[in-house]
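J.: Structure below; questions to follow.
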Amino acid sequence: MTAVASEEMVRVDGLVKHFPITQGIIFKKRIGAVKAVDGVSFTLYKGETLGVVGESGCGKSTLAKMLMHLETPTSGKAYFQGKDMFAISGGELRRLRRNIQMVMQDPYTSLNPRMTVGDIIGEPYEIHTEVAPRGDRRRRVQELLELVGLNPEHLNRYPHQFSGGQRQRIGIARALALRPEVIVCDEPVSALDVSIQAQVINLLEKLQDELGLSYIFIAHDLSVVRHISDRVAVMYLGKIVEIGTDDEIYNRPTHPYTQALLSAVPVPDPTAREHREIIRLEGDVPSPADPPSGCRFRTRCWKAQEVCAVEEPPLVPREADPHPSACHFAEQRHVVA
Amino acid sequence: MRPIDETPGHLLDVRDLYVEFRTREGVAHVINGVSFYLDAGEALAVLGESGSGKSVTAQAVMGILDMPPAMIPSGEIRYQGENLLALPEEKRRHVRGQEIGMIFQDALSALNPVFPVGWQISETLRRREGLSKEEARNRAVELMELVKIPAARERVKDYPHQFSGGMRQRVMIATALAMDPKILIADEPTTALDVTVQAQIMDLLGDLRRELNMAMILITHDLGVVADVADRIAVMYAGRIVEHADVHSLYAAPAHPYTKGLLESIPRLDTKGQELSTIRGLPPNLMRIPPGCPFHPRCPYAEPVCVEQVPPSYDLGAGRTSACHFAEEVRRDSGGV
């Protein structure tokens, strides 16, 4: 699964998205901005899974929307196979949209209740008619249903006739309809029960192997992300604070936030309680409309010193471990048993 | 389905409880003979997936089921020896809140948005103990300090929307503690929260339980959260308690195929790069629960006897029970003796 050939699929460079906060009704005066994503850079290679973790408000879903071309960045660039995603239009943009698809979190609201499953999965062909000629669509949809483990005869049923896990499979089939190369999965299993989660994760992995897909896998469940990802990016208040292979992030984290996040995950093993190091963060995540100066994590960090308020730590390889970490005092600390 | 010893004197003793929901489509058998007990100061976790009946069990104990559509055809809920189901509503109301408190998953919808939090925390005190405004406010501040809300005296007049998710959950806990209940029922108290905040709230609940010697029923779907806080676990499936044990033995060697399947389907360090094991199929429709053992269509251990006979709760010693015809075998396979 690891990217050996390292063919670059998506490259994001200093991506920024600020949502203006306005006052007044007629003359909307701009009084500030929610800095949802504030300078994010990474590369996604062919066939790999990049996990993105972080708590609510860290900007992971805004990042997903920008990659889907649903939001335009305030600044920064994003490239798909070397092409600037936000500088293209017309036919080129249509081709881009075909190649990056998305699986949504909520299988209940992301499927139109009045459309049959066949219509839902076949809808992308209405827009991208070149992919499947009209007479061929029914067969294509049935193939997709089979691919995601559903009965191909069920294409005339409605979403309410399916369970949550099955609906998520329908959402995956729809994402696969245009044979994309990259799939952005935004919390694809967090609305599902534990016993169903595993089925969907296995399906995503199987599809990746068979179709050579690249995933951007956004989730807050660290154990799920660890299972599926080749590399992991940890986000806090609109920035990536640490990025590396799953081994680097989980076994040798050097950023205090990553360490605290890992230590806060409840482990399904009562004996682990005794020999686990618990780091408890104080307080809540600050508002992205008014992030702290310097390092954004300093208000909750036990290592914070004066320099942290003045100078923003860059995301660069640190002495403690050769993977990038945005902390002035990066040091290894093993927190997960 | 009587998993537990018959000795009287438990603080709370639920015996053979049945709950049905009458709907237009038919009768949903949501709780089918649930029995459990709770002693003073103890923490019992009720673990189950959606539709397992865990929340309905909690609501029945609390006496907040909507009846109709819900109906309790049989069963007893004994609190300090007295059957709550036989009490007139007026006496029942005395138990609710005063003896048994409850907190819910979504603090934002559980709190009233148009009243200050202090007013809501002290509402029961004013109505039941006739405290004056001044006294009530002082008590509210004390309670907010008890749940570690910083600057409680300044914040007592703030409204719910002015608090963060974690702080709101603390406000709700303070409200539940106002009457100093002997039992606190927590229904998915941290499901809507981020991991680092979840850890703070679980720590707080643990501290309060020890300080106030309060018993707790924790309703959850999260196997990790349970392992961290509970003394005992009851695992529910299709309205039945299928396994009951102390935390350590349950995680070390589950004795019911459902529990075993759940634990195995969580991604762990050693499952990296492998297919996750799954529980095949779907949870049953509660209007058409399969005959015999409700888990048999999904169970790898199923034999003809499982279709014919509802398995009783087998006593495995040391307070452990499992409602499986092959309980001993399952436990051996999970590594237990």
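Residues are referred to by chain and number: the chain letter is A, B, ... according to the order shown in the structure tokens, the number counts from 1 in that chain, and ligands are numbered separately from 1 in the order shown.
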Going by DSSP on the backbone, which residues of region 36-189 of chain A come out as alpha helix (DSSP H)? List them as a ChimeraX atom specification.
T.: /A:60-67,90-99,117-127,137-147,164-176
J.: Find the residues of chain A in contact range of chain B, meaning any atom within 8 Å when counting only C-alpha atoms, and list them as number ranges by chain.
T.: A: 55-56, 163, 193-196, 198-199, 201-202, 220, 223-224, 226-228, 260-261, 264-271, 273, 280-281, 284
J.: Just the selected residues (N, CA and C atoms), exported as a short mmCIF file (atom, residue, chain, number, x, y, z; two decimals), in the first residue's frame, please.
T.:
```
data_model
loop_
_atom_site.label_atom_id
_atom_site.label_comp_id
_atom_site.auth_asym_id
_atom_site.auth_seq_id
_atom_site.Cartn_x
_atom_site.Cartn_y
_atom_site.Cartn_z
N GLU A 55 -9.50 17.99 16.12
CA GLU A 55 -10.77 18.13 16.80
C GLU A 55 -11.67 19.09 16.03
N SER A 56 -12.91 19.24 16.48
CA SER A 56 -13.82 20.11 15.74
C SER A 56 -13.26 21.52 15.70
N SER A 163 -29.89 0.03 5.62
CA SER A 163 -29.36 0.40 6.93
C SER A 163 -28.24 1.44 6.76
N ASP A 193 -22.23 2.22 13.58
CA ASP A 193 -21.95 1.41 14.75
C ASP A 193 -20.64 0.66 14.59
N VAL A 194 -20.03 0.32 15.72
CA VAL A 194 -18.72 -0.34 15.70
C VAL A 194 -18.69 -1.56 14.80
N SER A 195 -19.71 -2.42 14.88
CA SER A 195 -19.66 -3.66 14.11
C SER A 195 -19.79 -3.38 12.62
N ILE A 196 -20.37 -2.24 12.25
CA ILE A 196 -20.56 -1.90 10.85
C ILE A 196 -19.35 -1.13 10.33
N ALA A 198 -16.21 -1.57 10.84
CA ALA A 198 -15.16 -2.45 10.35
C ALA A 198 -15.47 -2.92 8.93
N GLN A 199 -16.74 -3.20 8.64
CA GLN A 199 -17.12 -3.63 7.29
C GLN A 199 -16.79 -2.55 6.26
N ILE A 201 -14.64 0.01 6.58
CA ILE A 201 -13.18 0.21 6.47
C ILE A 201 -12.57 -0.85 5.57
N ASN A 202 -12.98 -2.10 5.77
CA ASN A 202 -12.47 -3.18 4.91
C ASN A 202 -12.80 -2.93 3.46
N HIS A 220 -11.89 11.82 13.24
CA HIS A 220 -11.43 12.19 14.57
C HIS A 220 -11.06 10.95 15.37
N SER A 223 -7.80 5.63 16.21
CA SER A 223 -7.45 4.24 15.94
C SER A 223 -7.88 3.83 14.53
N VAL A 224 -8.99 4.39 14.06
CA VAL A 224 -9.42 4.11 12.68
C VAL A 224 -8.40 4.70 11.70
N ARG A 226 -5.27 5.35 12.21
CA ARG A 226 -4.03 4.60 12.24
C ARG A 226 -4.13 3.32 11.42
N HIS A 227 -5.29 2.69 11.49
CA HIS A 227 -5.46 1.43 10.77
C HIS A 227 -5.35 1.62 9.26
N ILE A 228 -5.95 2.70 8.77
CA ILE A 228 -6.10 2.82 7.31
C ILE A 228 -5.01 3.67 6.64
N ALA A 260 -0.84 14.75 23.45
CA ALA A 260 -2.02 14.86 24.30
C ALA A 260 -3.23 14.18 23.65
N LEU A 261 -3.35 14.36 22.35
CA LEU A 261 -4.47 13.77 21.61
C LEU A 261 -4.41 12.24 21.72
N ALA A 264 -5.30 10.96 25.14
CA ALA A 264 -6.70 11.14 25.55
C ALA A 264 -7.62 10.08 24.97
N VAL A 265 -7.13 9.32 24.00
CA VAL A 265 -7.99 8.32 23.37
C VAL A 265 -8.25 7.19 24.35
N PRO A 266 -9.51 6.92 24.64
CA PRO A 266 -9.79 5.81 25.55
C PRO A 266 -9.43 4.48 24.87
N VAL A 267 -8.69 3.64 25.58
CA VAL A 267 -8.23 2.38 25.01
C VAL A 267 -9.14 1.25 25.51
N PRO A 268 -9.63 0.42 24.60
CA PRO A 268 -10.52 -0.66 25.05
C PRO A 268 -9.77 -1.78 25.75
N ASP A 269 -9.06 -1.44 26.79
CA ASP A 269 -8.32 -2.43 27.56
C ASP A 269 -8.13 -1.89 28.97
N PRO A 270 -8.89 -2.42 29.93
CA PRO A 270 -8.83 -1.85 31.28
C PRO A 270 -7.46 -1.98 31.94
N THR A 271 -6.65 -2.95 31.51
CA THR A 271 -5.34 -3.09 32.15
C THR A 271 -4.39 -2.01 31.67
N ARG A 273 -4.97 1.02 31.69
CA ARG A 273 -5.14 2.17 32.55
C ARG A 273 -3.92 2.41 33.44
N ARG A 280 -3.45 15.43 30.39
CA ARG A 280 -4.74 16.08 30.33
C ARG A 280 -4.57 17.55 29.95
N LEU A 281 -5.20 17.93 28.86
CA LEU A 281 -5.12 19.32 28.44
C LEU A 281 -6.11 20.14 29.24
N ASP A 284 -10.37 24.68 26.53
CA ASP A 284 -10.92 24.32 25.23
C ASP A 284 -10.07 24.89 24.11
#
```
J.: Per DSSP on the backbone, what are the strand (DSSP E) residues of region 190-275 of chain B, as a ChimeraX atom specification?
T.: /B:215-220,232-237,240-246
J.: What is the distance between CA of His160 (chain A) and CA of Cys299 (chain B), in Å to one decimal?
T.: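 Calculated distance between CA of His160 (chain A) and CA of Cys299 (chain B) is 25.8 Å.
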J.: Show me, as a list in words, the residues that have an atom within 12 Å of Glu130 (chain A) when counting only C-alpha atoms, minus same-chain residues fewer than 3 positions from it.
T.: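 The residues satisfying every condition are Gly91, Arg94, Arg95, Arg98, Pro124, Tyr125, Glu126, Ile127, Pro133, Arg134, Asp136, Arg137 and Leu178 of chain A.
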J.: Could you take the residues named above and write them with N, CA and C atoms, as an mmCIF file, in the first residue's frame?
T.:
```cif
data_model
loop_
_atom_site.group_PDB
_atom_site.id
_atom_site.type_symbol
_atom_site.label_atom_id
_atom_site.label_comp_id
_atom_site.auth_asym_id
_atom_site.auth_seq_id
_atom_site.Cartn_x
_atom_site.Cartn_y
_atom_site.Cartn_z
ATOM 1 N N GLY A 91 -13.862 22.707 -19.587
ATOM 2 C CA GLY A 91 -13.680 21.268 -19.729
ATOM 3 C C GLY A 91 -12.634 20.705 -18.795
ATOM 4 N N ARG A 94 -14.099 20.298 -15.409
ATOM 5 C CA ARG A 94 -14.990 19.134 -15.367
ATOM 6 C C ARG A 94 -14.200 17.848 -15.210
ATOM 7 N N ARG A 95 -13.108 17.761 -15.915
ATOM 8 C CA ARG A 95 -12.279 16.555 -15.797
ATOM 9 C C ARG A 95 -11.700 16.435 -14.399
ATOM 10 N N ARG A 98 -14.226 15.137 -12.016
ATOM 11 C CA ARG A 98 -14.428 13.709 -12.180
ATOM 12 C C ARG A 98 -13.407 12.920 -11.384
ATOM 13 N N PRO A 124 -24.138 11.004 -11.465
ATOM 14 C CA PRO A 124 -22.917 11.596 -12.025
ATOM 15 C C PRO A 124 -22.822 11.432 -13.541
ATOM 16 N N TYR A 125 -23.437 10.358 -14.089
ATOM 17 C CA TYR A 125 -23.368 10.138 -15.542
ATOM 18 C C TYR A 125 -24.209 11.154 -16.313
ATOM 19 N N GLU A 126 -25.188 11.762 -15.653
ATOM 20 C CA GLU A 126 -25.998 12.785 -16.309
ATOM 21 C C GLU A 126 -25.137 14.001 -16.639
ATOM 22 N N ILE A 127 -24.205 14.278 -15.731
ATOM 23 C CA ILE A 127 -23.364 15.457 -15.913
ATOM 24 C C ILE A 127 -22.153 15.113 -16.775
ATOM 25 N N PRO A 133 -22.268 5.896 -21.895
ATOM 26 C CA PRO A 133 -23.383 6.181 -22.799
ATOM 27 C C PRO A 133 -24.708 5.759 -22.157
ATOM 28 N N ARG A 134 -25.765 6.449 -22.524
ATOM 29 C CA ARG A 134 -27.047 6.289 -21.856
ATOM 30 C C ARG A 134 -27.493 4.827 -21.696
ATOM 31 N N ASP A 136 -25.876 2.257 -21.406
ATOM 32 C CA ASP A 136 -24.956 1.421 -20.654
ATOM 33 C C ASP A 136 -25.040 1.665 -19.142
ATOM 34 N N ARG A 137 -25.806 2.682 -18.766
ATOM 35 C CA ARG A 137 -25.728 3.148 -17.380
ATOM 36 C C ARG A 137 -26.241 2.133 -16.364
ATOM 37 N N LEU A 178 -17.581 7.734 -11.380
ATOM 38 C CA LEU A 178 -16.825 8.382 -12.450
ATOM 39 C C LEU A 178 -15.377 7.914 -12.505
#
```
